[in-house]
>>> print(open('structure-v9.cif').read())   # mmCIF, C-alpha atoms
data_entry
loop_
_atom_site.label_atom_id
_atom_site.label_comp_id
_atom_site.auth_asym_id
_atom_site.auth_seq_id
_atom_site.Cartn_x
_atom_site.Cartn_y
_atom_site.Cartn_z
CA MET R 149 -25.90 -40.52 3.72
CA GLU R 150 -25.74 -37.67 6.22
CA LEU R 151 -21.93 -37.89 6.24
CA LEU R 152 -21.88 -37.61 2.43
CA ILE R 153 -24.05 -34.48 2.56
CA ILE R 154 -21.69 -32.94 5.14
CA PHE R 155 -18.70 -33.63 2.89
CA ILE R 156 -20.51 -32.11 -0.09
CA ILE R 157 -21.39 -28.97 1.91
CA LEU R 158 -17.80 -28.65 3.18
CA GLY R 159 -16.54 -29.06 -0.38
CA ILE R 160 -18.85 -26.30 -1.63
CA ILE R 161 -17.75 -24.00 1.21
CA ALA R 162 -14.09 -24.69 0.39
CA ILE R 163 -14.66 -23.84 -3.29
CA ILE R 164 -16.50 -20.60 -2.42
CA PHE R 165 -13.77 -19.61 0.06
CA ASP R 166 -11.03 -20.35 -2.49
CA GLN R 167 -12.82 -18.23 -5.10
CA TYR R 168 -13.32 -15.38 -2.62
CA THR R 169 -9.67 -15.34 -1.50
CA SER R 170 -8.67 -15.06 -5.16
CA THR R 171 -10.65 -11.85 -5.73
CA PRO R 172 -8.87 -8.46 -5.96
CA SER R 173 -11.09 -7.17 -3.15
CA TYR R 174 -9.93 -9.84 -0.69
CA LYS R 175 -6.28 -9.48 -1.69
CA GLY R 176 -6.53 -5.70 -1.34
CA LYS R 177 -7.98 -5.92 2.17
CA LYS R 178 -5.37 -8.50 3.19
CA PHE R 179 -2.60 -6.26 1.86
CA GLU R 180 -3.93 -3.27 3.82
CA LYS R 181 -4.15 -5.37 7.00
CA GLU R 182 -0.53 -6.48 6.56
CA ILE R 183 0.63 -2.85 6.28
CA HIS R 184 -1.51 -1.87 9.28
CA LYS R 185 0.01 -4.72 11.33
CA ILE R 186 3.60 -3.70 10.47
CA LEU R 187 3.01 -0.02 11.22
CA THR R 188 1.21 -0.77 14.49
CA LYS R 189 4.19 -2.80 15.70
CA ILE R 190 6.62 -0.07 14.66
CA ALA R 191 4.50 2.55 16.42
CA MET R 192 4.62 0.54 19.64
CA THR R 193 8.42 0.25 19.54
CA LYS R 194 9.06 3.83 18.36
CA GLY R 195 6.71 5.53 20.79
CA GLY R 196 4.39 6.67 18.02
CA ILE R 197 0.94 6.18 16.54
CA GLU R 198 -0.45 4.72 13.32
CA PHE R 199 -3.35 6.17 11.32
CA HIS R 200 -5.16 4.74 8.30
CA ASP R 201 -7.91 5.79 5.90
CA LEU R 202 -7.52 9.50 6.53
CA MET R 203 -9.17 12.20 4.45
CA PHE R 204 -8.33 15.91 4.45
CA LYS R 205 -9.64 18.88 2.56
CA PHE R 206 -6.99 20.05 0.11
CA GLY R 207 -7.71 23.00 -2.13
CA ASP R 208 -11.08 22.58 -3.81
CA SER R 209 -11.12 18.81 -3.31
CA THR R 210 -10.14 16.17 -0.76
CA SER R 211 -7.11 13.94 -0.34
CA GLN R 212 -7.50 10.38 0.93
CA ILE R 213 -4.44 8.82 2.57
CA ASP R 214 -3.99 5.07 3.05
CA ASN R 215 -1.58 4.98 5.98
CA VAL R 216 0.36 7.41 8.16
CA LEU R 217 2.91 6.58 10.83
CA LEU R 218 3.98 9.19 13.36
CA SER R 219 7.11 8.21 15.29
CA ASP R 220 9.03 10.31 17.78
CA LYS R 221 11.31 11.44 14.94
CA ALA R 222 9.27 11.77 11.73
CA LEU R 223 6.01 11.34 9.84
CA TYR R 224 5.72 8.60 7.19
CA VAL R 225 2.99 8.99 4.56
CA ILE R 226 2.39 5.63 2.89
CA GLU R 227 0.55 4.85 -0.33
CA ALA R 228 -0.39 1.17 -0.77
CA LYS R 229 -0.46 -0.42 -4.25
CA ASN R 230 -1.61 -4.03 -4.34
CA TYR R 231 -0.31 -4.78 -7.86
CA SER R 232 1.31 -7.92 -9.28
CA GLY R 233 3.73 -8.39 -12.16
CA TYR R 234 6.53 -6.13 -13.36
CA ILE R 235 6.27 -2.43 -12.51
CA TYR R 236 7.97 0.12 -14.77
CA GLY R 237 8.22 3.85 -14.14
CA SER R 238 10.23 6.72 -12.74
CA ILE R 239 9.69 9.53 -10.26
CA GLN R 240 9.27 12.01 -13.13
CA GLN R 241 6.82 10.10 -15.35
CA ASP R 242 3.10 10.80 -15.06
CA TYR R 243 2.09 7.20 -15.73
CA TRP R 244 3.63 3.88 -14.86
CA THR R 245 3.06 0.45 -16.41
CA THR R 246 2.39 -2.94 -14.88
CA THR R 247 3.05 -6.00 -17.03
CA LEU R 248 1.49 -9.27 -15.96
CA LYS R 249 1.96 -12.64 -17.63
CA THR R 250 -0.90 -15.11 -17.34
CA THR R 251 -1.16 -18.69 -18.58
CA ARG R 252 -4.40 -20.41 -19.51
CA ASN R 253 -5.07 -24.06 -20.25
CA TYR R 254 -7.19 -25.07 -23.25
CA LYS R 255 -8.48 -28.35 -24.62
CA SER R 256 -8.41 -29.06 -28.35
CA LYS R 257 -11.17 -30.82 -30.27
CA SER R 258 -9.10 -34.00 -30.14
CA GLY R 259 -9.07 -33.83 -26.35
CA ARG R 260 -5.44 -32.76 -25.92
CA THR R 261 -4.67 -30.09 -23.33
CA TYR R 262 -2.36 -27.20 -24.17
CA SER R 263 -1.29 -23.94 -22.53
CA LYS R 264 -1.19 -20.42 -23.92
CA SER R 265 0.48 -17.40 -22.30
CA PHE R 266 -0.71 -13.80 -22.49
CA VAL R 267 1.06 -10.58 -21.50
CA ASN R 268 -1.26 -7.85 -20.24
CA LYS R 269 -0.12 -4.26 -19.79
CA TYR R 270 -1.92 -1.62 -17.76
CA GLN R 271 -1.08 1.99 -17.06
CA PHE R 272 -1.73 3.73 -13.76
CA TYR R 273 -1.00 7.20 -12.40
CA ASN R 274 2.46 7.67 -10.88
CA PRO R 275 1.92 6.58 -7.23
CA HIS R 276 4.79 8.75 -6.03
CA LYS R 277 3.14 11.87 -7.47
CA GLN R 278 -0.19 10.71 -6.10
CA ASN R 279 1.33 10.36 -2.64
CA GLU R 280 3.16 13.67 -3.02
CA THR R 281 -0.28 15.28 -3.07
CA HIS R 282 -1.10 13.40 0.13
CA VAL R 283 2.12 14.65 1.74
CA LYS R 284 1.25 18.25 0.84
CA ALA R 285 -2.28 17.80 2.17
CA ILE R 286 -1.14 16.51 5.54
CA MET R 287 1.66 19.07 5.86
CA ASN R 288 -0.92 21.76 5.13
CA ILE R 289 -2.87 20.90 8.27
CA LEU R 290 0.07 20.47 10.65
CA SER R 291 0.82 23.32 13.03
CA LYS R 292 4.41 22.06 13.52
CA ARG R 293 7.13 21.26 10.96
CA ILE R 294 8.74 17.83 11.23
CA PRO R 295 10.52 15.46 8.78
CA VAL R 296 8.01 13.85 6.38
CA PHE R 297 8.75 10.89 4.11
CA ASN R 298 6.88 9.82 0.99
CA ILE R 299 6.71 6.01 0.77
CA VAL R 300 4.93 3.92 -1.86
CA VAL R 301 4.51 0.25 -0.94
CA PHE R 302 3.82 -2.46 -3.52
CA SER R 303 2.91 -6.03 -2.62
CA ASN R 304 5.62 -8.69 -2.57
CA ARG R 305 4.03 -10.14 -5.71
CA ALA R 306 5.21 -7.09 -7.68
CA THR R 307 8.67 -6.82 -9.25
CA LEU R 308 9.94 -3.24 -9.39
CA GLN R 309 11.87 -2.43 -12.58
CA LYS R 310 13.99 0.69 -13.20
CA ILE R 311 12.44 2.60 -10.31
CA ASN R 312 14.79 5.32 -9.07
CA ASN R 313 14.42 6.07 -5.36
CA GLN R 314 15.52 9.34 -3.81
CA SER R 315 16.62 10.17 -0.27
CA ASP R 316 13.15 11.30 0.84
CA LYS R 317 10.99 9.40 -1.68
CA HIS R 318 10.82 5.62 -1.74
CA ILE R 319 9.18 2.96 -3.90
CA ILE R 320 9.46 -0.40 -2.14
CA GLN R 321 7.88 -3.81 -1.60
CA LEU R 322 5.99 -4.70 1.55
CA LYS R 323 8.83 -6.88 2.84
CA ASP R 324 11.13 -3.83 2.94
CA LEU R 325 8.78 -1.46 4.79
CA LYS R 326 10.01 -2.08 8.34
CA THR R 327 13.67 -2.05 7.27
CA LEU R 328 13.27 1.28 5.46
CA ILE R 329 11.59 2.95 8.44
CA ASP R 330 14.22 1.57 10.83
CA GLU R 331 16.96 2.97 8.58
CA LYS R 332 15.30 6.39 8.48
CA GLU R 333 14.86 6.42 12.23
CA ASN R 334 18.54 5.62 12.73
CA THR R 335 19.64 8.53 10.53
CA LEU R 336 17.45 11.09 12.32
CA LYS R 337 19.02 12.67 15.40
CA ASP R 338 16.37 15.10 16.61
CA VAL R 339 13.55 13.71 18.75
CA ILE R 340 10.11 15.29 18.49
CA GLN R 341 9.01 16.69 21.82
CA LEU R 342 5.96 15.07 23.43
CA ASN R 343 3.90 18.27 23.36
CA THR R 344 4.65 18.64 19.64
CA MET R 345 3.54 15.06 18.98
CA ILE R 346 0.32 15.70 20.88
CA GLU R 347 -0.35 18.80 18.74
CA ILE R 348 0.26 16.82 15.55
CA VAL R 349 -2.12 14.05 16.65
CA GLU R 350 -4.74 16.66 17.51
CA ASP R 351 -4.27 18.33 14.10
CA ILE R 352 -4.78 15.02 12.32
CA TYR R 353 -7.87 14.00 14.29
CA PHE R 354 -9.41 17.48 14.09
CA GLU R 355 -8.92 17.87 10.32
CA ASN R 356 -9.76 14.28 9.37
CA ILE R 357 -13.07 14.08 7.49
CA THR R 358 -15.11 11.21 8.88
CA GLU R 359 -18.47 11.82 7.20
#
>>> encode(input="structure-v9.cif", output="structure tokens")
Amino acid sequence: MELLIIFIILGIIAIIFDQYTSTPSYKGKKFEKEIHKILTKIAMTKGGIEFHDLMFKFGDSTSQIDNVLLSDKALYVIEAKNYSGYIYGSIQQDYWTTTLKTTRNYKSKSGRTYSKSFVNKYQFYNPHKQNETHVKAIMNILSKRIPVFNIVVFSNRATLQKINNQSDKHIIQLKDLKTLIDEKENTLKDVIQLNTMIEIVEDIYFENITE
């Protein structure tokens, strides 16, 4: 009897855990941790430092930045978008669209099971333009000028459609983040001096709003 109760409790815990891991909140946190892990490893190999959840005063408001990587050659400002489905948009458009197909199972009155598919479309503000504001905000507080790259990272569950990248602006999936940064690092010749890097780190920590 006691063993049966244990199995029932474990089954309930498994169901609750499965439901929790399916929530957008859990997936969002997992996605952010994956980005943080990648950037931390890059920072260790590139002699840099990784920041996340930064907030700076910008104009009459504030600008919140998901992730920033400072290497010994450049600064990478990264906007994370944990979206699924097909992503449509361009650098110039104000709003992009995500299209997600879902399938649900139903049971008829006769007891037969059948499936029905739905296509849901949602619009969201252009993440490149959103991150462009973040780039301007962080450049505004830096006392030194260095190369800065605007990177928008979607989850690997997203399929990017008709997204035009530019040399200093990139819309990618998570799986391509390390490769992109490595490519950028290889094209940059000038190394940021240690005293300059220290000043940049001090600027970021001093201007970051923590309360």
>>> resolve_selection(input="structure-v9.cif", expression="the PyMOL selection byres ((chain R and resi 186) around 10)", output="PyMOL selection string")
chain R and resi 181-185+187-191+198+322-323+325-326
>>> closest_atom_pairs(input="structure-v9.cif", of="segment 292-314 of chain R", to="segment 220-227 of chain R", cutoff="12 Å", atoms="only C-alpha atoms", output="Markdown table")
| residue | atom | partner | partner_atom | distance |
| --- | --- | --- | --- | --- |
| R:Lys292 | CA | R:Leu223 | CA | 11.4 |
| R:Arg293 | CA | R:Ala222 | CA | 9.8 |
| R:Ile294 | CA | R:Ala222 | CA | 6.1 |
| R:Pro295 | CA | R:Ala222 | CA | 4.9 |
| R:Val296 | CA | R:Leu223 | CA | 4.7 |
| R:Phe297 | CA | R:Tyr224 | CA | 4.9 |
| R:Asn298 | CA | R:Val225 | CA | 5.3 |
| R:Ile299 | CA | R:Ile226 | CA | 4.8 |
| R:Val300 | CA | R:Glu227 | CA | 4.7 |
| R:Val301 | CA | R:Glu227 | CA | 6.1 |
| R:Phe302 | CA | R:Glu227 | CA | 8.6 |
| R:Ser303 | CA | R:Glu227 | CA | 11.4 |
>>> write_last_selection(input="structure-v9.cif", atoms="C-alpha atoms", output="CSV table (one decimal), in the frame of the given file")
chain,number,residue,atom,x,y,z
R,292,LYS,CA,4.4,22.1,13.5
R,293,ARG,CA,7.1,21.3,11.0
R,294,ILE,CA,8.7,17.8,11.2
R,295,PRO,CA,10.5,15.5,8.8
R,296,VAL,CA,8.0,13.8,6.4
R,297,PHE,CA,8.8,10.9,4.1
R,298,ASN,CA,6.9,9.8,1.0
R,299,ILE,CA,6.7,6.0,0.8
R,300,VAL,CA,4.9,3.9,-1.9
R,301,VAL,CA,4.5,0.2,-0.9
R,302,PHE,CA,3.8,-2.5,-3.5
R,303,SER,CA,2.9,-6.0,-2.6
>>> atom_distance(input="structure-v9.cif", atom1="atom CA of Lys269 of chain R", atom2="atom CA of Ala228 of chain R")
19.8 Å
>>> residues_around(input="structure-v9.cif", residues="Gly237 of chain R", least_positions_apart="5", cutoff="12 Å", atoms="all atoms listed in the file", output="list in words")
Asp242, Tyr243, Trp244, Thr245, Thr246, Thr247, Gln271, Phe272, Tyr273, Asn274, Pro275, His276, Lys277, Thr307, Leu308, Gln309, Lys310, Ile311, Asn312, Asn313 and Ile319 of chain R
>>> residues_around(input="structure-v9.cif", residues="Lys205 of chain R", least_positions_apart="2", cutoff="8 Å", atoms="all atoms listed in the file", output="ChimeraX atom specification")
/R:203,207-211,285,355,357
>>> closest_residue(input="structure-v9.cif", among="R:Asn334, R:Ile235, R:Val349, R:His318", to="Gly196 of chain R", atoms="only C-alpha atoms")
R:Val349
>>> closest_residue(input="structure-v9.cif", among="R:Asp330, R:Glu347, R:Asp214, R:Asp338", to="Glu180 of chain R", atoms="all atoms listed in the file")
R:Asp214
>>> residues_around(input="structure-v9.cif", residues="Lys284 of chain R", least_positions_apart="5", cutoff="9 Å", atoms="only C-alpha atoms", output="list in words")
Phe206, Asn279 and Ile289 of chain R
>>> atom_distance(input="structure-v9.cif", atom1="atom CA of Arg305 of chain R", atom2="atom CA of Ile329 of chain R")
20.7 Å
>>> resolve_selection(input="structure-v9.cif", expression="the PyMOL selection byres ((chain R and resi 202) around 9)", output="ChimeraX atom specification")
/R:199-201,203-204,211-216,352-353,356-358
>>> atom_distance(input="structure-v9.cif", atom1="atom CA of Ala306 of chain R", atom2="atom CA of Gln321 of chain R")
7.4 Å
>>> resolve_selection(input="structure-v9.cif", expression="the PyMOL selection byres ((chain R and resi 268) around 7)", output="VMD selection string")
chain R and resid 247 to 249 266 to 267 269 to 270
>>> closest_residue(input="structure-v9.cif", among="R:Arg260, R:Ser219, R:Lys177, R:Gln241", to="Lys332 of chain R", atoms="only C-alpha atoms")
R:Ser219
